[in-house]
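These notes are about the structure you will find just below.
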Amino acid sequence: MTIKEIESFEKFLADAFSDGVVFRELRLSNEEIEYFKVTYPKVSLNKIQESSCADGKIWVEVRLHNFV
């Protein structure tokens, strides 16, 4: 991911998990999933869709644990 893509993704995550939200279903690319795993290792990611959408993204359950 480029620096600009990372900044945009981080803003997306901040918005998605604002106001104390700890669980979301998000459509993510494989690259975004890998970024999540490396950057936030305590986050639980569970693919809820094996086949990808037309844009290559898949639905993933994202659950924050001890994320303060």
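Ordering of the structure tokens sets the chain letters (A, B, ...), residue numbers begin anew at 1 in every chain, and ligands are numbered from 1 in the order given.
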Exercise. Write down as number ranges by chain the residues of chain A whose backbone DSSP state falls under strand (DSSP E).
Key: A: 23-28, 44-47, 58-63
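Running DSSP on the backbone and keeping only alpha helix (DSSP H), the residues of chain A that qualify are Ile3, Lys4, Glu5, Ile6, Glu7, Ser8, Phe9, Glu10, Lys11, Phe12, Leu13, Ala14, Asp15, Ala16, Asn30, Glu31, Glu32, Ile33, Glu34, Tyr35, Phe36, Lys37, Val38 and Thr39 of chain A.
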Please dump the current selection as a PDB file, in the first residue's frame; keep N, CA and C atoms.
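Contents of selection28.pdb, as written:
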```
ATOM      1  N   ILE A   3       1.711   5.274   0.841  1.00  0.00           N
ATOM      2  CA  ILE A   3       1.498   6.105   2.038  1.00  0.00           C
ATOM      3  C   ILE A   3       0.100   6.719   1.999  1.00  0.00           C
ATOM      4  N   LYS A   4      -0.311   7.202   0.847  1.00  0.00           N
ATOM      5  CA  LYS A   4      -1.636   7.821   0.709  1.00  0.00           C
ATOM      6  C   LYS A   4      -2.744   6.786   0.967  1.00  0.00           C
ATOM      7  N   GLU A   5      -2.579   5.573   0.447  1.00  0.00           N
ATOM      8  CA  GLU A   5      -3.570   4.517   0.676  1.00  0.00           C
ATOM      9  C   GLU A   5      -3.636   4.144   2.155  1.00  0.00           C
ATOM     10  N   ILE A   6      -2.487   4.086   2.810  1.00  0.00           N
ATOM     11  CA  ILE A   6      -2.455   3.773   4.241  1.00  0.00           C
ATOM     12  C   ILE A   6      -3.154   4.866   5.036  1.00  0.00           C
ATOM     13  N   GLU A   7      -2.875   6.127   4.717  1.00  0.00           N
ATOM     14  CA  GLU A   7      -3.533   7.242   5.413  1.00  0.00           C
ATOM     15  C   GLU A   7      -5.043   7.175   5.223  1.00  0.00           C
ATOM     16  N   SER A   8      -5.476   6.900   4.008  1.00  0.00           N
ATOM     17  CA  SER A   8      -6.906   6.802   3.711  1.00  0.00           C
ATOM     18  C   SER A   8      -7.532   5.620   4.459  1.00  0.00           C
ATOM     19  N   PHE A   9      -6.842   4.492   4.488  1.00  0.00           N
ATOM     20  CA  PHE A   9      -7.343   3.305   5.184  1.00  0.00           C
ATOM     21  C   PHE A   9      -7.416   3.553   6.685  1.00  0.00           C
ATOM     22  N   GLU A  10      -6.411   4.196   7.252  1.00  0.00           N
ATOM     23  CA  GLU A  10      -6.413   4.518   8.684  1.00  0.00           C
ATOM     24  C   GLU A  10      -7.580   5.445   9.030  1.00  0.00           C
ATOM     25  N   LYS A  11      -7.881   6.415   8.172  1.00  0.00           N
ATOM     26  CA  LYS A  11      -9.028   7.308   8.407  1.00  0.00           C
ATOM     27  C   LYS A  11     -10.331   6.505   8.342  1.00  0.00           C
ATOM     28  N   PHE A  12     -10.433   5.627   7.355  1.00  0.00           N
ATOM     29  CA  PHE A  12     -11.600   4.755   7.221  1.00  0.00           C
ATOM     30  C   PHE A  12     -11.804   3.938   8.501  1.00  0.00           C
ATOM     31  N   LEU A  13     -10.718   3.370   9.032  1.00  0.00           N
ATOM     32  CA  LEU A  13     -10.803   2.573  10.259  1.00  0.00           C
ATOM     33  C   LEU A  13     -11.199   3.424  11.455  1.00  0.00           C
ATOM     34  N   ALA A  14     -10.624   4.614  11.559  1.00  0.00           N
ATOM     35  CA  ALA A  14     -10.962   5.511  12.669  1.00  0.00           C
ATOM     36  C   ALA A  14     -12.451   5.856  12.637  1.00  0.00           C
ATOM     37  N   ASP A  15     -12.974   6.114  11.453  1.00  0.00           N
ATOM     38  CA  ASP A  15     -14.400   6.416  11.314  1.00  0.00           C
ATOM     39  C   ASP A  15     -15.258   5.188  11.633  1.00  0.00           C
ATOM     40  N   ALA A  16     -14.837   4.022  11.147  1.00  0.00           N
ATOM     41  CA  ALA A  16     -15.612   2.791  11.339  1.00  0.00           C
ATOM     42  C   ALA A  16     -15.684   2.380  12.805  1.00  0.00           C
ATOM     43  N   ASN A  30      -7.392  -8.149   0.108  1.00  0.00           N
ATOM     44  CA  ASN A  30      -6.374  -8.992   0.743  1.00  0.00           C
ATOM     45  C   ASN A  30      -5.241  -8.135   1.291  1.00  0.00           C
ATOM     46  N   GLU A  31      -4.884  -7.088   0.581  1.00  0.00           N
ATOM     47  CA  GLU A  31      -3.826  -6.185   1.027  1.00  0.00           C
ATOM     48  C   GLU A  31      -4.219  -5.474   2.326  1.00  0.00           C
ATOM     49  N   GLU A  32      -5.475  -5.043   2.418  1.00  0.00           N
ATOM     50  CA  GLU A  32      -5.959  -4.394   3.639  1.00  0.00           C
ATOM     51  C   GLU A  32      -5.999  -5.382   4.809  1.00  0.00           C
ATOM     52  N   ILE A  33      -6.377  -6.623   4.539  1.00  0.00           N
ATOM     53  CA  ILE A  33      -6.397  -7.654   5.583  1.00  0.00           C
ATOM     54  C   ILE A  33      -4.986  -7.891   6.104  1.00  0.00           C
ATOM     55  N   GLU A  34      -4.014  -8.005   5.215  1.00  0.00           N
ATOM     56  CA  GLU A  34      -2.622  -8.216   5.628  1.00  0.00           C
ATOM     57  C   GLU A  34      -2.103  -7.021   6.423  1.00  0.00           C
ATOM     58  N   TYR A  35      -2.459  -5.810   6.005  1.00  0.00           N
ATOM     59  CA  TYR A  35      -2.063  -4.605   6.736  1.00  0.00           C
ATOM     60  C   TYR A  35      -2.631  -4.659   8.156  1.00  0.00           C
ATOM     61  N   PHE A  36      -3.900  -5.028   8.268  1.00  0.00           N
ATOM     62  CA  PHE A  36      -4.557  -5.165   9.571  1.00  0.00           C
ATOM     63  C   PHE A  36      -3.794  -6.141  10.455  1.00  0.00           C
ATOM     64  N   LYS A  37      -3.473  -7.326   9.922  1.00  0.00           N
ATOM     65  CA  LYS A  37      -2.796  -8.371  10.695  1.00  0.00           C
ATOM     66  C   LYS A  37      -1.439  -7.910  11.215  1.00  0.00           C
ATOM     67  N   VAL A  38      -0.695  -7.194  10.390  1.00  0.00           N
ATOM     68  CA  VAL A  38       0.649  -6.743  10.773  1.00  0.00           C
ATOM     69  C   VAL A  38       0.581  -5.559  11.731  1.00  0.00           C
ATOM     70  N   THR A  39      -0.279  -4.608  11.444  1.00  0.00           N
ATOM     71  CA  THR A  39      -0.337  -3.365  12.208  1.00  0.00           C
ATOM     72  C   THR A  39      -1.101  -3.518  13.520  1.00  0.00           C
TER      73      THR A  39
END
```
*Excluding same-chain residues fewer than 4 positions from Ser29 in chain A, what lies within 10 Å of it counting only C-alpha atoms, as a ChimeraX atom specification?*
/A:33-35,52-53,55-60
Taken to one decimal, the CA of Glu61 in chain A-CA of Phe23 in chain A distance is 7.2 Å
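The shortest atom-to-atom distance to Arg24 in chain A, with only C-alpha atoms taken into account, belongs to A:Asn46 out of A:Asn46, A:Ser51, A:Thr2, A:Pro41.
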Q. Looking at only C-alpha atoms, which of A:Leu28, A:Val22, A:Leu64, A:Met1 is the one that sits closest to Glu50 in chain A?
A.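 Closest to Glu50 in chain A, using only C-alpha atoms: A:Leu28.
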Closest of A:Ala54, A:Val62, A:Phe17, A:Glu25 to Lys42 in chain A, counting only C-alpha atoms, is A:Val62
